[in-house]
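Colleague: Structure file input.csv (CSV, N, CA and C atoms) right here:
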```
chain,number,residue,atom,x,y,z
Z,1,MET,N,0.8,-1.2,0.0
Z,1,MET,CA,0.0,0.0,0.0
Z,1,MET,C,0.9,1.2,0.0
Z,2,GLN,N,0.5,2.2,-0.8
Z,2,GLN,CA,1.2,3.5,-0.9
Z,2,GLN,C,0.7,4.4,0.2
Z,3,ASP,N,1.6,5.3,0.6
Z,3,ASP,CA,1.2,6.4,1.6
Z,3,ASP,C,0.3,7.4,0.9
Z,4,ASP,N,-0.4,8.2,1.7
Z,4,ASP,CA,-1.2,9.3,1.2
Z,4,ASP,C,-0.3,10.4,0.7
Z,5,PRO,N,-0.6,11.2,-0.2
Z,5,PRO,CA,-1.9,11.1,-0.9
Z,5,PRO,C,-2.0,10.1,-1.9
Z,6,THR,N,-3.2,9.6,-2.2
Z,6,THR,CA,-3.5,8.6,-3.3
Z,6,THR,C,-3.3,9.3,-4.6
Z,7,PRO,N,-3.2,8.5,-5.7
Z,7,PRO,CA,-3.1,9.1,-7.0
Z,7,PRO,C,-4.3,9.9,-7.3
Z,8,GLN,N,-5.5,9.5,-6.9
Z,8,GLN,CA,-6.7,10.3,-7.1
Z,8,GLN,C,-6.7,11.6,-6.4
Z,9,GLU,N,-6.2,11.6,-5.2
Z,9,GLU,CA,-6.0,12.9,-4.5
Z,9,GLU,C,-5.1,13.8,-5.1
Z,10,ILE,N,-4.0,13.3,-5.6
Z,10,ILE,CA,-3.0,14.1,-6.3
Z,10,ILE,C,-3.6,14.7,-7.6
Z,11,LEU,N,-4.2,13.9,-8.3
Z,11,LEU,CA,-4.9,14.4,-9.6
Z,11,LEU,C,-6.0,15.4,-9.3
Z,12,THR,N,-6.7,15.2,-8.2
Z,12,THR,CA,-7.8,16.1,-7.9
Z,12,THR,C,-7.2,17.5,-7.6
Z,13,ARG,N,-6.1,17.5,-6.9
Z,13,ARG,CA,-5.4,18.8,-6.6
Z,13,ARG,C,-4.8,19.4,-7.8
Z,14,VAL,N,-4.3,18.6,-8.8
Z,14,VAL,CA,-3.8,19.2,-10.0
Z,14,VAL,C,-5.0,19.8,-10.8
Z,15,ALA,N,-6.1,19.1,-10.9
Z,15,ALA,CA,-7.3,19.7,-11.6
Z,15,ALA,C,-7.8,21.0,-10.9
Z,16,HIS,N,-7.8,21.0,-9.6
Z,16,HIS,CA,-8.2,22.2,-8.8
Z,16,HIS,C,-7.3,23.3,-9.1
Z,17,PHE,N,-6.0,23.1,-9.1
Z,17,PHE,CA,-5.0,24.1,-9.4
Z,17,PHE,C,-5.2,24.7,-10.8
Z,18,LEU,N,-5.4,23.8,-11.8
Z,18,LEU,CA,-5.6,24.3,-13.2
Z,18,LEU,C,-6.8,25.1,-13.3
Z,19,ARG,N,-7.9,24.7,-12.6
Z,19,ARG,CA,-9.2,25.5,-12.7
Z,19,ARG,C,-9.1,26.8,-11.9
Z,20,GLN,N,-8.6,26.7,-10.7
Z,20,GLN,CA,-8.7,27.8,-9.8
Z,20,GLN,C,-7.6,28.8,-9.8
Z,21,ALA,N,-6.4,28.4,-10.2
Z,21,ALA,CA,-5.2,29.3,-10.2
Z,21,ALA,C,-4.7,29.5,-11.6
Z,22,ALA,N,-4.5,28.5,-12.4
Z,22,ALA,CA,-3.9,28.6,-13.7
Z,22,ALA,C,-4.8,29.3,-14.7
Z,23,MET,N,-6.0,28.8,-14.9
Z,23,MET,CA,-7.0,29.3,-15.9
Z,23,MET,C,-7.2,30.8,-15.6
Z,24,PRO,N,-7.6,31.3,-14.4
Z,24,PRO,CA,-7.8,32.7,-14.3
Z,24,PRO,C,-6.6,33.6,-14.5
Z,25,ALA,N,-5.4,33.0,-14.3
Z,25,ALA,CA,-4.2,33.8,-14.5
Z,25,ALA,C,-3.7,33.9,-16.0
Z,26,LEU,N,-4.2,33.0,-16.8
Z,26,LEU,CA,-3.8,33.0,-18.2
Z,26,LEU,C,-4.6,34.1,-19.0
Z,27,ARG,N,-3.8,35.0,-19.6
Z,27,ARG,CA,-4.5,36.1,-20.3
Z,27,ARG,C,-4.8,35.7,-21.7
Z,28,ALA,N,-4.1,34.8,-22.3
Z,28,ALA,CA,-4.4,34.3,-23.6
Z,28,ALA,C,-5.5,33.3,-23.6
Z,29,PRO,N,-6.6,33.6,-24.3
Z,29,PRO,CA,-7.8,32.7,-24.3
Z,29,PRO,C,-7.4,31.2,-24.7
Z,30,HIS,N,-6.5,31.1,-25.6
Z,30,HIS,CA,-6.2,29.7,-26.1
Z,30,HIS,C,-5.5,28.9,-25.0
Z,31,LEU,N,-4.7,29.6,-24.2
Z,31,LEU,CA,-4.0,29.0,-23.0
Z,31,LEU,C,-5.0,28.6,-21.9
Z,32,ALA,N,-5.9,29.5,-21.7
Z,32,ALA,CA,-6.9,29.2,-20.7
Z,32,ALA,C,-7.8,28.0,-21.1
Z,33,PHE,N,-8.1,27.9,-22.4
Z,33,PHE,CA,-8.8,26.8,-23.0
Z,33,PHE,C,-8.0,25.5,-22.8
Z,34,GLN,N,-6.7,25.5,-23.1
Z,34,GLN,CA,-5.9,24.4,-23.0
Z,34,GLN,C,-5.8,23.9,-21.5
Z,35,ALA,N,-5.7,24.9,-20.6
Z,35,ALA,CA,-5.7,24.5,-19.2
Z,35,ALA,C,-7.0,23.8,-18.8
Z,36,ARG,N,-8.1,24.3,-19.3
Z,36,ARG,CA,-9.4,23.6,-19.1
Z,36,ARG,C,-9.4,22.2,-19.6
Z,37,VAL,N,-8.9,22.0,-20.8
Z,37,VAL,CA,-8.8,20.7,-21.4
Z,37,VAL,C,-7.9,19.8,-20.6
Z,38,ALA,N,-6.8,20.3,-20.1
Z,38,ALA,CA,-5.9,19.6,-19.2
Z,38,ALA,C,-6.6,19.2,-17.9
Z,39,ALA,N,-7.4,20.1,-17.3
Z,39,ALA,CA,-8.1,19.8,-16.1
Z,39,ALA,C,-9.2,18.7,-16.4
Z,40,ASN,N,-9.9,18.8,-17.5
Z,40,ASN,CA,-10.8,17.7,-17.9
Z,40,ASN,C,-10.2,16.4,-18.1
Z,41,ALA,N,-9.0,16.4,-18.7
Z,41,ALA,CA,-8.2,15.1,-18.9
Z,41,ALA,C,-7.8,14.5,-17.6
Z,42,VAL,N,-7.5,15.3,-16.6
Z,42,VAL,CA,-7.1,14.9,-15.3
Z,42,VAL,C,-8.3,14.2,-14.6
Z,43,ASP,N,-9.5,14.9,-14.7
Z,43,ASP,CA,-10.7,14.3,-14.2
Z,43,ASP,C,-11.1,13.0,-14.8
Z,44,LEU,N,-10.8,12.9,-16.1
Z,44,LEU,CA,-11.1,11.6,-16.8
Z,44,LEU,C,-10.2,10.5,-16.3
Z,45,VAL,N,-8.9,10.8,-16.0
Z,45,VAL,CA,-8.0,9.8,-15.5
Z,45,VAL,C,-8.4,9.4,-14.1
Z,46,ILE,N,-8.9,10.3,-13.3
Z,46,ILE,CA,-9.4,10.0,-11.9
Z,46,ILE,C,-10.6,9.0,-12.1
Z,47,ARG,N,-11.5,9.3,-13.0
Z,47,ARG,CA,-12.7,8.4,-13.1
Z,47,ARG,C,-12.2,7.0,-13.6
Z,48,GLN,N,-11.2,7.0,-14.5
Z,48,GLN,CA,-10.7,5.7,-15.0
Z,48,GLN,C,-10.1,4.9,-13.8
Z,49,LEU,N,-9.3,5.6,-12.9
Z,49,LEU,CA,-8.8,4.9,-11.8
Z,49,LEU,C,-9.9,4.4,-10.8
Z,50,ASP,N,-10.9,5.2,-10.6
Z,50,ASP,CA,-12.0,4.9,-9.7
Z,50,ASP,C,-12.9,3.8,-10.3
Z,51,LEU,N,-13.2,3.9,-11.5
Z,51,LEU,CA,-14.3,3.0,-12.1
Z,51,LEU,C,-13.9,2.1,-13.2
Z,52,GLY,N,-12.8,2.3,-13.8
Z,52,GLY,CA,-12.4,1.5,-15.0
Z,52,GLY,C,-12.2,0.1,-14.8
Z,53,ALA,N,-11.5,-0.3,-13.8
Z,53,ALA,CA,-11.2,-1.7,-13.5
Z,53,ALA,C,-12.5,-2.5,-13.2
Z,54,ALA,N,-13.4,-1.9,-12.4
Z,54,ALA,CA,-14.6,-2.6,-12.1
Z,54,ALA,C,-15.5,-2.8,-13.3
Z,55,GLY,N,-15.6,-1.8,-14.1
Z,55,GLY,CA,-16.4,-1.9,-15.3
Z,55,GLY,C,-15.8,-2.9,-16.3
Z,56,GLU,N,-14.5,-3.0,-16.4
Z,56,GLU,CA,-13.9,-4.0,-17.3
Z,56,GLU,C,-14.1,-5.4,-16.8
Z,57,ALA,N,-14.0,-5.5,-15.5
Z,57,ALA,CA,-14.2,-6.8,-14.9
Z,57,ALA,C,-15.7,-7.3,-15.1
Z,58,ALA,N,-16.6,-6.4,-14.9
Z,58,ALA,CA,-18.0,-6.7,-15.1
Z,58,ALA,C,-18.3,-7.1,-16.5
Z,59,GLU,N,-17.7,-6.3,-17.4
Z,59,GLU,CA,-17.9,-6.6,-18.9
Z,59,GLU,C,-17.3,-7.9,-19.2
Z,60,HIS,N,-16.1,-8.2,-18.7
Z,60,HIS,CA,-15.5,-9.5,-19.0
Z,60,HIS,C,-16.3,-10.7,-18.5
Z,61,ASP,N,-16.9,-10.5,-17.3
Z,61,ASP,CA,-17.8,-11.6,-16.7
Z,61,ASP,C,-19.0,-11.8,-17.6
Z,62,ARG,N,-19.6,-10.7,-18.0
Z,62,ARG,CA,-20.8,-10.9,-18.9
Z,62,ARG,C,-20.4,-11.5,-20.2
Z,63,LEU,N,-19.3,-11.1,-20.8
Z,63,LEU,CA,-18.9,-11.7,-22.1
Z,63,LEU,C,-18.6,-13.2,-21.9
Z,64,ARG,N,-17.9,-13.6,-20.9
Z,64,ARG,CA,-17.6,-15.0,-20.7
Z,64,ARG,C,-18.9,-15.8,-20.7
Z,65,THR,N,-19.9,-15.3,-20.0
Z,65,THR,CA,-21.2,-16.0,-20.0
Z,65,THR,C,-21.9,-16.0,-21.4
Z,66,LEU,N,-21.9,-14.8,-22.1
Z,66,LEU,CA,-22.5,-14.8,-23.4
Z,66,LEU,C,-21.8,-15.6,-24.5
Z,67,ILE,N,-20.4,-15.6,-24.5
Z,67,ILE,CA,-19.7,-16.2,-25.5
Z,67,ILE,C,-19.4,-17.7,-25.1
Z,68,GLY,N,-19.4,-18.0,-23.8
Z,68,GLY,CA,-19.3,-19.4,-23.4
Z,68,GLY,C,-17.9,-19.9,-23.3
Z,69,ARG,N,-16.9,-18.9,-23.2
Z,69,ARG,CA,-15.5,-19.3,-23.0
Z,69,ARG,C,-14.8,-18.3,-22.2
Z,70,ASP,N,-13.7,-18.6,-21.6
Z,70,ASP,CA,-12.8,-17.7,-20.9
Z,70,ASP,C,-11.7,-17.3,-21.8
Z,71,ASP,N,-11.6,-16.0,-22.1
Z,71,ASP,CA,-10.5,-15.5,-23.0
Z,71,ASP,C,-10.3,-14.0,-22.5
Z,72,SER,N,-9.4,-13.4,-23.2
Z,72,SER,CA,-9.2,-12.0,-22.9
Z,72,SER,C,-10.4,-11.1,-23.3
Z,73,LEU,N,-10.5,-10.0,-22.6
Z,73,LEU,CA,-11.6,-9.1,-22.9
Z,73,LEU,C,-11.6,-8.7,-24.4
Z,74,THR,N,-10.5,-8.4,-25.0
Z,74,THR,CA,-10.4,-8.1,-26.4
Z,74,THR,C,-10.9,-9.2,-27.3
Z,75,SER,N,-10.5,-10.4,-27.0
Z,75,SER,CA,-10.9,-11.6,-27.8
Z,75,SER,C,-12.4,-11.8,-27.7
Z,76,LEU,N,-12.9,-11.7,-26.4
Z,76,LEU,CA,-14.4,-11.9,-26.2
Z,76,LEU,C,-15.2,-10.8,-27.0
Z,77,ASN,N,-14.7,-9.6,-26.9
Z,77,ASN,CA,-15.4,-8.5,-27.6
Z,77,ASN,C,-15.4,-8.7,-29.1
Z,78,THR,N,-14.2,-9.2,-29.6
Z,78,THR,CA,-14.1,-9.5,-31.1
Z,78,THR,C,-15.1,-10.7,-31.4
Z,79,ALA,N,-15.2,-11.7,-30.6
Z,79,ALA,CA,-16.1,-12.8,-30.8
Z,79,ALA,C,-17.6,-12.3,-30.8
Z,80,LEU,N,-17.9,-11.4,-29.9
Z,80,LEU,CA,-19.3,-10.8,-29.9
Z,80,LEU,C,-19.5,-10.1,-31.1
Z,81,ALA,N,-18.6,-9.2,-31.5
Z,81,ALA,CA,-18.8,-8.4,-32.7
Z,81,ALA,C,-18.9,-9.3,-34.0
Z,82,ASP,N,-18.0,-10.3,-34.1
Z,82,ASP,CA,-18.1,-11.2,-35.2
Z,82,ASP,C,-19.4,-12.0,-35.2
Z,83,GLY,N,-19.8,-12.4,-34.1
Z,83,GLY,CA,-21.1,-13.2,-34.0
Z,83,GLY,C,-22.3,-12.4,-34.4
Z,84,ILE,N,-22.3,-11.1,-34.0
Z,84,ILE,CA,-23.4,-10.2,-34.4
Z,84,ILE,C,-23.3,-10.0,-35.9
Z,85,ALA,N,-22.1,-9.7,-36.4
Z,85,ALA,CA,-22.0,-9.5,-37.9
Z,85,ALA,C,-22.4,-10.7,-38.7
Z,86,ALA,N,-22.1,-11.9,-38.2
Z,86,ALA,CA,-22.4,-13.1,-38.9
Z,86,ALA,C,-23.8,-13.6,-38.7
Z,87,GLY,N,-24.5,-13.0,-37.8
Z,87,GLY,CA,-25.9,-13.3,-37.5
Z,87,GLY,C,-26.0,-14.5,-36.5
Z,88,SER,N,-24.9,-15.0,-36.0
Z,88,SER,CA,-25.0,-16.1,-35.0
Z,88,SER,C,-25.4,-15.6,-33.6
Z,89,ILE,N,-25.2,-14.3,-33.4
Z,89,ILE,CA,-25.6,-13.7,-32.1
Z,89,ILE,C,-26.6,-12.6,-32.4
Z,90,ASP,N,-27.7,-12.6,-31.8
Z,90,ASP,CA,-28.8,-11.7,-32.0
Z,90,ASP,C,-28.6,-10.5,-31.0
Z,91,PRO,N,-28.4,-9.3,-31.5
Z,91,PRO,CA,-28.2,-8.2,-30.6
Z,91,PRO,C,-29.5,-7.8,-29.8
Z,92,ALA,N,-30.7,-8.4,-30.3
Z,92,ALA,CA,-31.9,-8.1,-29.6
Z,92,ALA,C,-32.2,-9.2,-28.5
Z,93,ASP,N,-31.4,-10.2,-28.5
Z,93,ASP,CA,-31.5,-11.2,-27.4
Z,93,ASP,C,-31.4,-10.4,-26.1
Z,94,PRO,N,-32.3,-10.6,-25.1
Z,94,PRO,CA,-32.3,-9.9,-23.9
Z,94,PRO,C,-30.9,-9.9,-23.1
Z,95,LEU,N,-30.2,-11.0,-23.1
Z,95,LEU,CA,-28.9,-11.0,-22.5
Z,95,LEU,C,-27.9,-10.2,-23.2
Z,96,VAL,N,-27.9,-10.3,-24.5
Z,96,VAL,CA,-27.0,-9.5,-25.3
Z,96,VAL,C,-27.3,-8.0,-25.2
Z,97,ALA,N,-28.6,-7.6,-25.3
Z,97,ALA,CA,-29.0,-6.2,-25.2
Z,97,ALA,C,-28.6,-5.7,-23.8
Z,98,ALA,N,-28.8,-6.5,-22.7
Z,98,ALA,CA,-28.5,-6.0,-21.4
Z,98,ALA,C,-27.0,-5.8,-21.2
Z,99,HIS,N,-26.2,-6.7,-21.8
Z,99,HIS,CA,-24.8,-6.6,-21.8
Z,99,HIS,C,-24.3,-5.3,-22.5
Z,100,LEU,N,-24.9,-5.1,-23.7
Z,100,LEU,CA,-24.5,-3.9,-24.4
Z,100,LEU,C,-24.9,-2.6,-23.7
Z,101,LEU,N,-26.0,-2.6,-23.1
Z,101,LEU,CA,-26.5,-1.4,-22.4
Z,101,LEU,C,-25.6,-1.2,-21.1
Z,102,ALA,N,-25.3,-2.3,-20.4
Z,102,ALA,CA,-24.5,-2.2,-19.2
Z,102,ALA,C,-23.1,-1.7,-19.5
Z,103,THR,N,-22.5,-2.2,-20.6
Z,103,THR,CA,-21.2,-1.9,-21.0
Z,103,THR,C,-21.2,-0.4,-21.4
Z,104,SER,N,-22.2,0.0,-22.1
Z,104,SER,CA,-22.2,1.4,-22.5
Z,104,SER,C,-22.3,2.4,-21.3
Z,105,ARG,N,-23.2,2.0,-20.4
Z,105,ARG,CA,-23.3,2.8,-19.2
Z,105,ARG,C,-22.0,2.9,-18.4
Z,106,GLU,N,-21.3,1.7,-18.3
Z,106,GLU,CA,-20.0,1.7,-17.6
Z,106,GLU,C,-19.0,2.6,-18.3
Z,107,LYS,N,-18.9,2.6,-19.6
Z,107,LYS,CA,-18.0,3.4,-20.3
Z,107,LYS,C,-18.4,4.9,-20.2
Z,108,ILE,N,-19.7,5.2,-20.3
Z,108,ILE,CA,-20.1,6.6,-20.2
Z,108,ILE,C,-19.9,7.1,-18.8
Z,109,ALA,N,-20.0,6.3,-17.8
Z,109,ALA,CA,-19.7,6.8,-16.4
Z,109,ALA,C,-18.3,7.3,-16.3
Z,110,VAL,N,-17.4,6.7,-17.0
Z,110,VAL,CA,-16.0,7.1,-17.0
Z,110,VAL,C,-15.8,8.3,-17.9
Z,111,ASP,N,-16.2,8.2,-19.2
Z,111,ASP,CA,-15.9,9.2,-20.2
Z,111,ASP,C,-16.8,10.4,-20.1
Z,112,GLN,N,-18.1,10.3,-19.9
Z,112,GLN,CA,-19.0,11.4,-19.9
Z,112,GLN,C,-20.0,11.2,-18.8
Z,113,PRO,N,-19.6,11.4,-17.5
Z,113,PRO,CA,-20.6,11.1,-16.5
Z,113,PRO,C,-21.8,11.9,-16.4
Z,114,HIS,N,-21.8,13.0,-17.1
Z,114,HIS,CA,-23.0,13.9,-17.0
Z,114,HIS,C,-23.8,13.8,-18.3
Z,115,TYR,N,-23.6,12.7,-19.1
Z,115,TYR,CA,-24.3,12.5,-20.4
Z,115,TYR,C,-25.8,12.3,-20.1
Z,116,ALA,N,-26.6,13.2,-20.5
Z,116,ALA,CA,-28.0,13.1,-20.1
Z,116,ALA,C,-28.9,12.2,-21.0
Z,117,ALA,N,-28.4,11.9,-22.2
Z,117,ALA,CA,-29.2,11.1,-23.1
Z,117,ALA,C,-29.4,9.7,-22.8
Z,118,LEU,N,-28.6,9.1,-21.9
Z,118,LEU,CA,-28.7,7.7,-21.5
Z,118,LEU,C,-28.9,7.7,-20.0
Z,119,PRO,N,-30.1,7.2,-19.6
Z,119,PRO,CA,-30.3,7.1,-18.1
Z,119,PRO,C,-29.3,6.1,-17.5
Z,120,MET,N,-28.8,6.4,-16.4
Z,120,MET,CA,-27.8,5.5,-15.8
Z,120,MET,C,-28.4,4.5,-14.8
Z,121,LYS,N,-29.7,4.5,-14.6
Z,121,LYS,CA,-30.4,3.6,-13.8
Z,121,LYS,C,-31.2,2.6,-14.7
Z,122,ASP,N,-31.5,1.4,-14.1
Z,122,ASP,CA,-32.3,0.5,-14.9
Z,122,ASP,C,-33.6,1.1,-15.3
Z,123,ASP,N,-34.0,0.8,-16.5
Z,123,ASP,CA,-35.3,1.3,-17.1
Z,123,ASP,C,-36.4,0.6,-16.5
```
Could you quickly redo this structure as structure tokens?

Modeller:
Amino acid sequence: MQDDPTPQEILTRVAHFLRQAAMPALRAPHLAFQARVAANAVDLVIRQLDLGAAGEAAEHDRLRTLIGRDDSLTSLNTALADGIAAGSIDPADPLVAAHLLATSREKIAVDQPHYAALPMKDD
């Protein structure tokens, strides 16, 4: 175990510095914009650290069940895509549809957590 601060805490402080100190001090609009982009990138890394591994593990578990074998996440995703393209896997199958929706939600929670077009709770 590492000592405090955690990577998430360090990154949170970097994002805070960029937003609260750097951006207001930058007179050139393009530099302030780049500082905002950098702060948003730091926030994305924090969410990846907090949520990414759990989402990938859940996706991997669902795919093992759907595809019926244990393989890498990449190989299972390829098998799913190939099966859908070939017509041997029906994307309208309730288990497949539930997997695709859950995976999308997990990815959106990391990438765009305030994305309003996709409800994050079960319908």

Colleague: Atom CA of Gln48 of chain Z and atom CA of Pro7 of chain Z are how many Å apart?

Modeller: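 Atom CA of Gln48 of chain Z sits 11.5 Å away from atom CA of Pro7 of chain Z.
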
Colleague: Quick one: residues within 8 Å of segment 11-22 of chain Z, all atoms listed in the file counted, chain neighbours fewer than 5 positions away excluded, as a list in words?

Modeller: Pro5, Thr6, Arg27, Leu31, Ala32, Ala35, Arg36, Ala38, Ala39, Asn40, Ala41, Val42, Asp43, Val45 and Ile46 of chain Z

Colleague: For atom N of Ala86 of chain Z and atom N of Leu63 of chain Z, quote the distance in Å rounded to one decimal.

Modeller: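 One can read the atom N of Ala86 of chain Z to atom N of Leu63 of chain Z distance as 17.6 Å.
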
Colleague: DSSP says helix (DSSP H, G or I) for which residues of chain Z? Put them as a VMD selection string?

Modeller: chain Z and resid 7 to 25 29 to 67 73 to 86 94 to 111

Colleague: Figure out the distance between atom N of Leu101 of chain Z and atom C of Ala116 of chain Z, please, to one decimal in Å.

Modeller: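 Atom C of Ala116 of chain Z sits 15.2 Å away from atom N of Leu101 of chain Z.
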
Colleague: Compare Z:Ala58, Z:Ala28, Z:Leu51, Z:Met23 by their minimum atom-to-atom distance to Ala102 of chain Z, counting only N, CA and C atoms, and give me the closest one.

Modeller: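 Using only N, CA and C atoms, the shortest distance to Ala102 of chain Z belongs to Z:Ala58.
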
Colleague: At a cut-off of 12 Å, using only C-alpha atoms, what residues contact Ile67 of chain Z? Leave out same-chain residues fewer than 3 positions from it and give the result as a VMD selection string.

Modeller: chain Z and resid 59 to 64 70 to 73 75 to 84 88 to 89 95 to 96 99

Colleague: Nearest to Arg47 of chain Z among Z:Gln8, Z:Thr65, Z:Thr103, Z:Gln34, with distances taken over only C-alpha atoms: which residue is it?

Modeller: Z:Gln8

Colleague: Select, from Z:Ala98, Z:Leu49, Z:Ala54, Z:Leu44, the residue with the minimum atom-to-atom distance to Asp111 of chain Z, counting all atoms listed in the file.

Modeller: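 Checking each of Z:Ala98, Z:Leu49, Z:Ala54, Z:Leu44 against Asp111 of chain Z, counting all atoms listed in the file, the winner is Z:Leu44.
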